[in-house]
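What follows is a set of notes on a single structure, which appears directly below.
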Amino acid sequence: MEKITESPSLYRHLELKSTLELLSDINAEDQKVAEAVHRTIGQIAPLIDVIYEKMKNGGRLFYIGAGTSGRLGVLDASECPPTFGVPGDWVIGLIAGGDRALRLPVENAEDNPDQAWKDLQEYSIDENDVLIGIAASGTTPYVINGLQAANKNGIITGSITCNPGAPISAASKFPVEVVVGPEYVTGSTRMKSGTAQKLVLNMISTSVMIKLGRVRDNRMVDMQLSNDKLVDRGVKMVMDKTGLDYDSAKTLLLKNGSVRKAIDAFFL
C-alpha cells in the first residue's frame with residue numbers, strides 16, 4: 001500500500017514564507033481536491049444508490065471514524081435533521097473515543113479493534129442499515145474492524161479514504177478512494193484529506209436526501225424552522241410558490257410547521 005497521506009510535502013521551509021506565500025500555497029493545494037473528488041464519482045454513485053434503497057425501506061446510514069474523519073462523519077450526520085427535517089436517528093455518526101473525542105484527543109481510541117462494533121451494537125445496527133467507514137490513512141483499526149464485523153453480519157459497507165489500495169477499501173463493499181496527494185504540512189490530513197472527505201460526505205447525504213424526496217425543486221422544504229433566519233427563508237419559499245404577501249406566507253408557514261406542509265395546505 002502506498003501511503004500518500006504521509007508523503008513529504010511538496011513545499012519546504014514553510015516557516016520562512018510570508019503570509020501571502022502560505023495562503024497562496026495552501027490554496028493551490030486545495031484546488032487539487034475538487035478534481036480528485038471528481039475522479040471518484042464513479043465510485044460514489046453506486047454507494048449512494050445502495051444507501052437510498054436501504055433507507056427508503058426504513059434503514060439507516062451510519063458513519064464511523066477517528067479524529068478528523070470521525071468528527072466529519074458526526075458533523076454530516078448532525079446536519080441532516082435541520083437541513084432535511086429527518087429524524088435524528090436516520091443518519092448516525094460515531095467517533096472513536098465517544099463524544100469527548102469531538103473536542104479533545106482520546107488516547108489510543110482509534111487503536112481499539114473491537115470498540116466500533118460495540119458502539120454500533122448500542123444502536124442495534126442490522127442488515128437493513130448501511131455503514132460507511134471514514135479514514136484518511138485507510139489503516140485505522142477502529143474503522144477497519146468495524147467494517148469487517150458489519151460484513152460478517154450482512155450489513156452493506158462503504159468507505160472513504162485518501163490512500164489507494166488501503167486496508168479500509170478491502171474491508172468495504174463500496175470503497176471510495178480520493179487521492180489528493182501529500183498534505184501542505186506533511187501528514188496533516190485535516191487539510192486536503194479532510195476537505196475531500198467533507199466533499200464526499202456532502203455528496204452522499206445530499207444526494208440520498210434528494211432521492212428520498214426531502215428536496216422539492218432546489219429547496220429545503222423540510223428544513224427545521226429553528227431560528228429567525230430560517231423562518232425568513234421559509235417564508236420567502238412559500239411566497240415564491242404561492243404568490244402570497246410576506247405576512248400571509250409567514251402565518252401559513254408557522255401554522256403548518258414546514259415549507260412543504262404550508263405549500264401543500266395552500267393548494268388543497
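Every chain in the C-alpha cells takes a letter, A first, then B, and so on in the order presented; its residues are numbered from 1, and the ligands are numbered from 1 following the presented order.
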Which residues come within 9 Å of Lys118 (chain A), counting only C-alpha atoms, excluding same-chain residues fewer than 4 positions away, as a ChimeraX atom specification? /A:114,122,146
Give me the residues near region 3-5 of chain A as an NGL selection string, where near means some atom within 8 Å (using only C-alpha atoms) and where sequence neighbours in that chain fewer than 4 positions away do not count. :A and (136-137 or 162-164 or 179 or 181-183 or 186-187 or 189 or 193)
Rounded to one decimal in Å, what is the spacing between CA of Phe62 (chain A) and CA of Met203 (chain A)? 15.2 Å
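Excluding Ala66 (chain A) itself and any same-chain residue fewer than 4 positions from it, the protein and nucleic acid residues within 6 Å of it, counting only C-alpha atoms, are Gly70, Ile95, Ala96 and Glu110 of chain A.
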Store the residues of this selection in a file with C-alpha atoms, as a PDB file, in the first residue's frame.
```pdb
ATOM      1  CA  GLY A  70     -14.783  10.794  12.873  1.00  0.00           C
ATOM      2  CA  ILE A  95     -16.327   8.686  16.617  1.00  0.00           C
ATOM      3  CA  ALA A  96     -13.669   6.589  18.335  1.00  0.00           C
ATOM      4  CA  GLU A 110      -8.631   4.556  17.297  1.00  0.00           C
TER       5      GLU A 110
END
```
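Distances from A:Arg216, A:Arg39, A:Lys241, A:Lys54 to Ile155 (chain A) were compared using only C-alpha atoms, and the smallest one belongs to A:Lys54.
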Output as an NGL selection string all residues of region 46-218 of chain A that backbone DSSP marks as alpha helix (DSSP H). :A and (46-55 or 67-84 or 115-121 or 141-152 or 167-170 or 192-211)
